[in-house]
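Chemist: This one is start_20.json, JSON, C-alpha atoms.
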[["chain", "number", "residue", "atom", "x", "y", "z"],
["H", 1, "MET", "CA", 6.39, 44.28, -30.57],
["H", 2, "THR", "CA", 6.26, 40.89, -29.02],
["H", 3, "GLY", "CA", 3.10, 38.90, -28.37],
["H", 4, "PRO", "CA", 1.87, 37.63, -25.00],
["H", 5, "THR", "CA", 4.12, 35.22, -23.15],
["H", 6, "ARG", "CA", 2.93, 31.66, -23.46],
["H", 7, "ARG", "CA", 2.60, 29.73, -20.23],
["H", 8, "LYS", "CA", 5.09, 26.90, -20.04],
["H", 9, "ARG", "CA", 3.51, 23.46, -20.04],
["H", 10, "MET", "CA", 4.04, 21.55, -16.83],
["H", 11, "PRO", "CA", 5.40, 17.98, -17.17],
["H", 12, "ARG", "CA", 2.65, 15.39, -16.73],
["H", 13, "ALA", "CA", 4.13, 13.84, -13.58],
["H", 14, "GLN", "CA", 4.48, 17.26, -11.96],
["H", 15, "ARG", "CA", 0.94, 18.26, -12.91],
["H", 16, "GLU", "CA", -0.41, 14.98, -11.57],
["H", 17, "GLN", "CA", 1.37, 15.49, -8.26],
["H", 18, "GLN", "CA", -0.06, 19.00, -8.05],
["H", 19, "MET", "CA", -3.55, 17.62, -8.63],
["H", 20, "LEU", "CA", -3.07, 15.00, -5.92],
["H", 21, "GLU", "CA", -1.87, 17.54, -3.37],
["H", 22, "VAL", "CA", -4.82, 19.84, -3.98],
["H", 23, "ALA", "CA", -7.33, 16.99, -4.09],
["H", 24, "GLU", "CA", -6.00, 15.57, -0.83],
["H", 25, "ALA", "CA", -6.53, 18.93, 0.84],
["H", 26, "VAL", "CA", -10.08, 19.26, -0.50],
["H", 27, "PHE", "CA", -11.05, 15.69, 0.42],
["H", 28, "ALA", "CA", -9.62, 16.15, 3.91],
["H", 29, "GLU", "CA", -11.45, 19.46, 4.38],
["H", 30, "ARG", "CA", -14.85, 18.53, 2.97],
["H", 31, "GLY", "CA", -15.07, 14.74, 2.87],
["H", 32, "PHE", "CA", -15.52, 12.68, -0.27],
["H", 33, "ALA", "CA", -19.23, 13.33, -0.79],
["H", 34, "ALA", "CA", -19.02, 17.12, -0.46],
["H", 35, "ALA", "CA", -15.76, 17.51, -2.38],
["H", 36, "SER", "CA", -16.24, 19.00, -5.83],
["H", 37, "MET", "CA", -14.20, 18.29, -8.93],
["H", 38, "ASP", "CA", -14.96, 21.87, -9.97],
["H", 39, "GLU", "CA", -13.32, 23.21, -6.82],
["H", 40, "ILE", "CA", -10.32, 20.92, -7.16],
["H", 41, "ALA", "CA", -9.82, 21.93, -10.79],
["H", 42, "GLU", "CA", -10.14, 25.61, -9.91],
["H", 43, "ARG", "CA", -7.58, 25.36, -7.10],
["H", 44, "VAL", "CA", -5.14, 23.51, -9.34],
["H", 45, "GLY", "CA", -5.71, 25.94, -12.21],
["H", 46, "VAL", "CA", -6.80, 23.36, -14.76],
["H", 47, "SER", "CA", -10.04, 22.42, -16.46],
["H", 48, "LYS", "CA", -12.35, 19.81, -14.96],
["H", 49, "PRO", "CA", -12.03, 17.66, -18.12],
["H", 50, "MET", "CA", -8.29, 17.54, -17.52],
["H", 51, "LEU", "CA", -8.89, 16.09, -14.03],
["H", 52, "TYR", "CA", -11.05, 13.39, -15.58],
["H", 53, "GLU", "CA", -8.41, 12.77, -18.24],
["H", 54, "TYR", "CA", -5.87, 12.02, -15.50],
["H", 55, "PHE", "CA", -8.05, 10.11, -13.01],
["H", 56, "ASN", "CA", -11.28, 9.12, -14.84],
["H", 57, "SER", "CA", -13.59, 10.00, -11.93],
["H", 58, "LYS", "CA", -13.78, 11.64, -8.50],
["H", 59, "GLU", "CA", -13.45, 8.21, -6.94],
["H", 60, "GLY", "CA", -10.41, 7.51, -9.09],
["H", 61, "LEU", "CA", -8.83, 10.72, -7.84],
["H", 62, "LEU", "CA", -9.61, 9.78, -4.24],
["H", 63, "LEU", "CA", -8.12, 6.33, -4.71],
["H", 64, "ALA", "CA", -4.95, 7.86, -6.14],
["H", 65, "CYS", "CA", -4.69, 10.14, -3.10],
["H", 66, "VAL", "CA", -5.19, 7.21, -0.71],
["H", 67, "ALA", "CA", -2.63, 5.10, -2.60],
["H", 68, "GLN", "CA", -0.05, 7.88, -2.37],
["H", 69, "ALA", "CA", -0.60, 8.41, 1.36],
["H", 70, "ARG", "CA", -0.45, 4.66, 1.99],
["H", 71, "ALA", "CA", 2.83, 4.36, 0.07],
["H", 72, "GLU", "CA", 4.32, 7.26, 2.02],
["H", 73, "LEU", "CA", 3.30, 5.68, 5.33],
["H", 74, "ARG", "CA", 4.77, 2.32, 4.36],
["H", 75, "GLU", "CA", 8.03, 3.90, 3.20],
["H", 76, "ALA", "CA", 8.34, 5.89, 6.41],
["H", 77, "THR", "CA", 7.72, 2.94, 8.73],
["H", 78, "GLU", "CA", 9.88, 0.50, 6.77],
["H", 79, "ARG", "CA", 12.74, 2.99, 6.65],
["H", 80, "ALA", "CA", 12.44, 3.58, 10.40],
["H", 81, "VAL", "CA", 12.85, -0.09, 11.36],
["H", 82, "ALA", "CA", 15.36, -1.10, 8.68],
["H", 83, "GLY", "CA", 18.56, -2.48, 10.14],
["H", 84, "GLN", "CA", 17.47, -2.13, 13.77],
["H", 85, "ALA", "CA", 18.96, -5.03, 15.73],
["H", 86, "ASP", "CA", 16.92, -4.63, 18.91],
["H", 87, "ALA", "CA", 13.23, -5.59, 18.97],
["H", 88, "ARG", "CA", 12.19, -2.94, 21.47],
["H", 89, "GLU", "CA", 13.94, -0.16, 19.57],
["H", 90, "ALA", "CA", 12.59, -1.38, 16.23],
["H", 91, "LEU", "CA", 9.05, -1.19, 17.56],
["H", 92, "ARG", "CA", 9.70, 2.22, 19.09],
["H", 93, "ASP", "CA", 11.17, 3.54, 15.83],
["H", 94, "GLY", "CA", 8.21, 2.17, 13.89],
["H", 95, "PHE", "CA", 5.74, 3.76, 16.29],
["H", 96, "ARG", "CA", 7.49, 7.10, 16.08],
["H", 97, "ALA", "CA", 7.49, 7.03, 12.27],
["H", 98, "PHE", "CA", 3.75, 6.38, 12.34],
["H", 99, "PHE", "CA", 2.97, 9.18, 14.78],
["H", 100, "VAL", "CA", 5.23, 11.61, 12.90],
["H", 101, "PHE", "CA", 3.34, 10.74, 9.71],
["H", 102, "ALA", "CA", -0.01, 11.32, 11.42],
["H", 103, "ARG", "CA", 1.18, 14.71, 12.73],
["H", 104, "GLU", "CA", 3.12, 16.02, 9.74],
["H", 105, "ARG", "CA", 0.90, 14.56, 7.00],
["H", 106, "ARG", "CA", -2.42, 15.44, 8.63],
["H", 107, "GLN", "CA", -4.35, 15.59, 5.36],
["H", 108, "GLY", "CA", -3.02, 12.25, 4.14],
["H", 109, "TRP", "CA", -3.68, 10.68, 7.52],
["H", 110, "SER", "CA", -7.19, 12.13, 7.48],
["H", 111, "LEU", "CA", -7.89, 10.34, 4.20],
["H", 112, "LEU", "CA", -6.54, 7.06, 5.55],
["H", 113, "ARG", "CA", -8.66, 7.09, 8.67],
["H", 114, "HIS", "CA", -12.04, 8.52, 7.60],
["H", 115, "GLU", "CA", -13.46, 5.17, 6.58],
["H", 116, "MET", "CA", -17.10, 5.94, 7.35],
["H", 117, "ALA", "CA", -17.13, 8.85, 4.90],
["H", 118, "LEU", "CA", -16.04, 6.52, 2.12],
["H", 119, "ILE", "CA", -18.60, 3.76, 2.53],
["H", 120, "GLY", "CA", -20.13, 2.91, -0.82],
["H", 121, "THR", "CA", -16.91, 3.36, -2.76],
["H", 122, "SER", "CA", -14.02, 1.03, -3.41],
["H", 123, "ALA", "CA", -11.94, 3.40, -1.29],
["H", 124, "SER", "CA", -13.23, 1.44, 1.70],
["H", 125, "ASP", "CA", -11.21, -1.52, 0.43],
["H", 126, "ALA", "CA", -8.22, 0.76, -0.09],
["H", 127, "LEU", "CA", -8.41, 1.88, 3.53],
["H", 128, "GLU", "CA", -8.52, -1.70, 4.76],
["H", 129, "ASP", "CA", -5.50, -2.37, 2.55],
["H", 130, "THR", "CA", -3.67, 0.31, 4.50],
["H", 131, "ARG", "CA", -4.40, -1.44, 7.79],
["H", 132, "ARG", "CA", -3.34, -4.76, 6.28],
["H", 133, "GLN", "CA", -0.12, -3.17, 5.06],
["H", 134, "GLN", "CA", 0.73, -2.05, 8.58],
["H", 135, "THR", "CA", -0.32, -5.28, 10.29],
["H", 136, "ASP", "CA", 1.74, -7.32, 7.82],
["H", 137, "LEU", "CA", 4.74, -5.11, 8.49],
["H", 138, "ILE", "CA", 4.41, -5.51, 12.28],
["H", 139, "ALA", "CA", 3.75, -9.25, 12.10],
["H", 140, "THR", "CA", 6.82, -9.71, 9.90],
["H", 141, "LEU", "CA", 8.89, -7.58, 12.27],
["H", 142, "MET", "CA", 7.81, -9.59, 15.31],
["H", 143, "ALA", "CA", 8.32, -12.91, 13.52],
["H", 144, "HIS", "CA", 11.91, -11.85, 12.85],
["H", 145, "TYR", "CA", 12.65, -10.94, 16.47],
["H", 146, "PHE", "CA", 10.57, -13.60, 18.21],
["H", 147, "ALA", "CA", 11.08, -16.56, 15.88],
["H", 148, "GLY", "CA", 9.89, -19.78, 17.51],
["H", 149, "GLU", "CA", 8.34, -18.02, 20.49],
["H", 150, "ALA", "CA", 4.88, -17.44, 18.99],
["H", 151, "GLY", "CA", 2.80, -19.05, 16.31],
["H", 152, "PRO", "CA", 1.40, -17.25, 13.25],
["H", 153, "ALA", "CA", -2.03, -16.74, 14.81],
["H", 154, "LEU", "CA", -0.58, -15.00, 17.88],
["H", 155, "LEU", "CA", 1.71, -12.84, 15.74],
["H", 156, "GLU", "CA", -1.13, -11.78, 13.45],
["H", 157, "ALA", "CA", -3.53, -11.12, 16.33],
["H", 158, "THR", "CA", -0.90, -9.07, 18.15],
["H", 159, "ALA", "CA", -0.18, -7.06, 15.00],
["H", 160, "GLU", "CA", -3.90, -6.32, 14.59],
["H", 161, "LEU", "CA", -4.11, -5.15, 18.21],
["H", 162, "VAL", "CA", -1.03, -2.94, 17.82],
["H", 163, "VAL", "CA", -2.31, -1.30, 14.63],
["H", 164, "GLY", "CA", -5.76, -0.73, 16.09],
["H", 165, "ALA", "CA", -4.34, 0.75, 19.27],
["H", 166, "CYS", "CA", -1.95, 3.06, 17.41],
["H", 167, "GLU", "CA", -4.71, 4.23, 15.11],
["H", 168, "ARG", "CA", -6.92, 5.15, 18.07],
["H", 169, "LEU", "CA", -4.00, 6.79, 19.87],
["H", 170, "ALA", "CA", -3.24, 8.91, 16.78],
["H", 171, "ILE", "CA", -6.88, 10.02, 16.69],
["H", 172, "TRP", "CA", -6.67, 10.88, 20.40],
["H", 173, "CYS", "CA", -3.53, 12.92, 19.68],
["H", 174, "GLU", "CA", -5.52, 15.03, 17.22],
["H", 175, "ARG", "CA", -7.59, 16.22, 20.18],
["H", 176, "HIS", "CA", -4.47, 16.82, 22.25],
["H", 177, "ASP", "CA", -2.11, 18.83, 20.08],
["H", 178, "GLU", "CA", 0.32, 19.14, 23.00],
["H", 179, "VAL", "CA", 1.08, 15.40, 22.69],
["H", 180, "SER", "CA", 4.09, 15.20, 20.38],
["H", 181, "PRO", "CA", 4.99, 12.16, 18.25],
["H", 182, "ASP", "CA", 7.73, 11.34, 20.76],
["H", 183, "MET", "CA", 5.26, 11.46, 23.66],
["H", 184, "ALA", "CA", 2.77, 9.32, 21.75],
["H", 185, "THR", "CA", 5.53, 6.82, 20.99],
["H", 186, "GLU", "CA", 6.44, 6.46, 24.66],
["H", 187, "LEU", "CA", 2.77, 6.07, 25.62],
["H", 188, "ALA", "CA", 2.38, 3.32, 23.03],
["H", 189, "MET", "CA", 5.54, 1.56, 24.19],
["H", 190, "GLU", "CA", 4.51, 1.73, 27.85],
["H", 191, "VAL", "CA", 1.17, 0.09, 27.14],
["H", 192, "LEU", "CA", 1.89, -2.22, 24.22],
["H", 193, "TRP", "CA", 5.38, -3.57, 24.88],
["H", 194, "SER", "CA", 4.54, -5.00, 28.28],
["H", 195, "GLY", "CA", 0.76, -5.07, 27.99],
["H", 196, "LEU", "CA", 0.74, -7.40, 25.00],
["H", 197, "GLY", "CA", 3.34, -9.70, 26.48],
["H", 198, "LEU", "CA", 6.24, -8.70, 24.25],
["H", 199, "ARG", "CA", 9.50, -9.57, 25.91],
["H", 200, "ALA", "CA", 11.95, -6.86, 26.84],
["H", 201, "GLU", "CA", 14.97, -9.12, 26.60]]
Translate the structure described by the file into structure tokens.
Modeler:
Amino acid sequence: MTGPTRRKRMPRAQREQQMLEVAEAVFAERGFAAASMDEIAERVGVSKPMLYEYFNSKEGLLLACVAQARAELREATERAVAGQADAREALRDGFRAFFVFARERRQGWSLLRHEMALIGTSASDALEDTRRQQTDLIATLMAHYFAGEAGPALLEATAELVVGACERLAIWCERHDEVSPDMATELAMEVLWSGLGLRAE
């Protein structure tokens, strides 16, 4: 007679990813303050001490979730504009990648945008880092296409305006589920390409 089957140990990287996915969902549903490490551990199927072993604290777990979402957003937008020879199309592709991320990665996007719920933790700095990541990407993109036509201050200011506008538009899209990422992209292009003085030629 054989004994009970022993549960196979999950590789550390796989277990960590599982923890991040569950924690992201709980943080997005409840907010940082109301989220419970007990609930996260229960949903994952591990002990609470194991969560602390991996991430040290609830804030550490949140920061890991934010870092993962930020990396995914950067990868998506960089991949979208890579190799694009036309400035207008590069911006359009970048916008679309952003709006697709906001739609398809709703929980990750929720973490990146709910800054007020994270005041009092170092996650506030992590969220600002996300905005800086996107503004740096846009400023670099525009500097490449419009070299010599605008100084650094104008490029940086324009990038800040673009990121702020897209963030607000993505939040608006959450209230209008019928607005697809493609529709949001065209709305952004219609306003920002001409409205901010970017040249079509």
Chemist: Can you work out the spacing between atom CA of H:Gly83 and atom CA of H:Ala143 in Å, to one decimal?
Modeler: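 Computing the Euclidean distance for atom CA of H:Gly83 and atom CA of H:Ala143 yields 15.0 Å.
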Chemist: Out of H:Gln107, H:Thr135, H:Thr185, H:Ser194, which residue has the shortest atom-to-atom distance to H:Val22 when counting only C-alpha atoms?
Modeler: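 When distances to H:Val22 are compared using only C-alpha atoms, the smallest one comes from H:Gln107.
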Chemist: Determine, counting all atoms listed in the file, which protein, DNA and RNA residues have an atom within 10 Å of an atom of H:Tyr52; residues of the same chain fewer than 4 positions away are not included. Present the result as a list in words.
Modeler: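 Final neighbour list, sorted by chain and number: Met37, Ala41, Ser47, Lys48, Asn56, Ser57, Lys58, Gly60 and Leu61 of chain H.
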Chemist: Nearest residue to H:Arg175 out of H:Arg103, H:Gln84, H:Leu51, H:Leu187, using all atoms listed in the file?
Modeler: H:Arg103
Chemist: Expressed in Å to a single decimal, how great is the separation between atom CA of H:Leu169 and atom CA of H:Phe146?
Modeler: 25.1 Å
